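Enquirer: A single structure is presented below for examination.
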Amino acid sequence: MSVLIVGSTALDSIKTPKAENPRLLGGSASHASVAASFFSPTKLIGVVGEDFPKKYLALYQRHGIDTTGLQILPGKTFHWSGEYEENMNNRRTLLTELGVFETFSPELPKAHQGTPYVLLANIAPALQHHVLDQVKRPKFVVADTMDLWLNIAFNDLVSLIKRLDGFVLNDSEAHQLTKEDNVFAALKKIHKMGPKYVIIKKGSHGSILSGPKGFFICPAYPLHKVVDPTGAGDSFVGGLMGYLATAQGSIESNIRRAMIYGSVSASFCCEGFGLVRTTRTTRQEIDRRVRELEKMTAF
Ligand code: AMP
């Protein structure tokens, strides 16, 4: 089965203490789609400007990503720039140029409207709503978000959360949403807002799922060197949805393994700038890391 992914499609300029890389392919939908494409047919919904490099369109194509829902409009592609401190958990946004993103209205081609797995990657909640309004009886809908929407679009986000099967957010966002310091207390409060599955990401400390069968503690793959963590969260949820869409059986019986695949997808993302390392990986390499994680966590 296939996955529909809506989110940002961006040019990212990233600065780390070791290097600086301008205008890389980025955006939540780009990271999530490439990660999902290792598992399932993936359809991307987004917008770019006329300045969007052809080589990035070719990259989507190499990954078999369906870009019929990618609008190319007069104007500039969304440009985001961020800088990391020595401790890569700390990042600050240097610049956000919305460009064609400012007036973006995601429209689903007719053929995409029946897609069973829908990932509303990080984008304004009003746009996530708009996509959800266009899909017909999806099997599983998951959304991701960021602190910006908690700050400027809180009500839209809360009404979106009600419509979801799964919600993925990081620990500081969970705290901001629920005012709970304790992650398990936050999970309980978020369930009450609607979703059956809630996942709180904790960066290099992995993630925690709360679902009908209780909790699952998902590790991050241990990396000795992180080059650029931009898009790790998007790769996590992209890998998770891509895996779920191909797995036989119920969501409940597959979601834990799907999170492990998500974790491994995120690990490749962190090993290179932008999508450089992720695009070089293979399904075999992903499966190898999954087996390693399986060994590390068995007791
Ligand atoms: P993450 O590292 O998971 O926070 O995701 C980073 C990605 O989010 C980058 O590729 C950015 O292009 C994208 N991004 C940054 N700001 C925004 C925004 N306001 N809306 C949507 N995507 C964004």
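Naming works like this for the structure tokens: A, B, ... for the chains as they're shown, residue 1 at the start of each chain, ligands 1 onward in shown order.
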Find the residues around Val100 of chain A up to 8 Å (only C-alpha atoms counted), leave out those fewer than 5 positions away in its own chain, and share them as a list in words.
Expert: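 So, after excluding close chain neighbours, the residues are Val47, Val48, Gly49, Leu73, Pro74, Gly75, Lys76, Thr77 and Phe78 of chain A.
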Enquirer: Could you build a table of the residues in segment 11-85 of chain A lying no more than 12 Å from segment 236-252 of chain A, giving for each the nearest pair of atoms and their separation in Å rounded to one decimal place, using only C-alpha atoms, ordered by chain and ascending residue number, as a tab-separated table?
Expert:
residue	atom	partner	partner_atom	distance
A:Ser28	CA	A:Gly238	CA	9.2
A:Ala29	CA	A:Gly238	CA	8.5
A:Ser30	CA	A:Gly238	CA	9.4
A:His31	CA	A:Gly238	CA	7.3
A:Ala32	CA	A:Gly238	CA	3.9
A:Ser33	CA	A:Gly238	CA	6.0
A:Val34	CA	A:Gly238	CA	7.6
A:Ala35	CA	A:Gly239	CA	4.9
A:Ala36	CA	A:Gly242	CA	4.1
A:Ser37	CA	A:Gly242	CA	6.7
A:Phe38	CA	A:Gly242	CA	7.4
A:Phe39	CA	A:Gly242	CA	5.1
A:Ser40	CA	A:Gly242	CA	5.2
A:Pro41	CA	A:Gly242	CA	8.0
A:Thr42	CA	A:Gly242	CA	7.8
A:Lys43	CA	A:Gly242	CA	10.9
A:Leu44	CA	A:Gly238	CA	11.4
A:Ile65	CA	A:Gly242	CA	11.9
Enquirer: What does the list of residues within 8 Å of ligand 1 look like if you count only C-alpha atoms and all ligand atoms, written as a ChimeraX atom specification?
Expert: /A:7-12,25-28,30-31,78-81,93,96,122-124,146,148,229-235,274
Enquirer: Which residues are near Phe268 of chain A? Cut-off 7 Å, only C-alpha atoms, ignore same chain within fewer than 3 positions. Put them as a ChimeraX atom specification.
Expert: /A:264-265,271,277-278
Enquirer: Out of A:Pro222, A:Ile5, A:Lys136, A:Pro125, which residue has the shortest atom-to-atom distance to Phe154 of chain A when counting only C-alpha atoms?
Expert: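 Smallest distance to Phe154 of chain A is found for A:Pro125.
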Enquirer: Using DSSP on the backbone, list every residue of segment 16-245 of chain A that comes out as alpha helix (DSSP H), and give them as a ChimeraX atom specification.
Expert: /A:28-37,54-62,125-134,147-152,154-161,171-178,183-192,232-245
Enquirer: Counting only C-alpha atoms, give me one row per residue of segment 28-77 of chain A with an atom at most 7 Å from an atom of segment 102-120 of chain A, showing the shortest contact pair and its distance in Å to one decimal, sorted by chain then residue number, as JSON lines.
Expert:
{"residue": "A:Ile45", "atom": "CA", "partner": "A:Pro106", "partner_atom": "CA", "distance": 6.7}
{"residue": "A:Gly46", "atom": "CA", "partner": "A:Pro106", "partner_atom": "CA", "distance": 6.6}
{"residue": "A:Val47", "atom": "CA", "partner": "A:Phe104", "partner_atom": "CA", "distance": 6.8}
{"residue": "A:Gly69", "atom": "CA", "partner": "A:Leu108", "partner_atom": "CA", "distance": 6.2}
Enquirer: For segment 84-86 of chain A, find every residue with an atom within 10 Å (counting only C-alpha atoms), except residues of its own chain fewer than 4 positions away, and show them as a list in words.
Expert: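 Listed by chain and then number, they are Ile14, Lys15, Thr16, Pro17, Lys18, Asn90, Arg91, Arg92, Thr93, Asp228, Pro229 and Thr230 of chain A.
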Enquirer: Could you pull out the residues in segment 175-292 of chain A that DSSP calls strand (DSSP E or B) from the backbone, as a PyMOL selection string?
Expert: chain A and resi 197-201+207-211+214-218
Enquirer: So what do you get for atom CA of Gly64 of chain A versus atom CA of Phe101 of chain A, distance-wise?
Expert: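 So the two atoms, atom CA of Gly64 of chain A and atom CA of Phe101 of chain A, lie 24.0 Å apart.
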Enquirer: For a quick check of understanding, using only C-alpha atoms, which of A:His224, A:Asp165, A:Val290, A:Glu180 has the smallest distance to Ile199 of chain A?
Expert: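 Closest residue, counting only C-alpha atoms: A:Asp165.
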Enquirer: One decimal, Å: what's the distance from atom CA of Gly206 of chain A over to atom CA of Tyr221 of chain A, could you say?
Expert: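 Atom-to-atom, atom CA of Gly206 of chain A to atom CA of Tyr221 of chain A, that is 8.0 Å.
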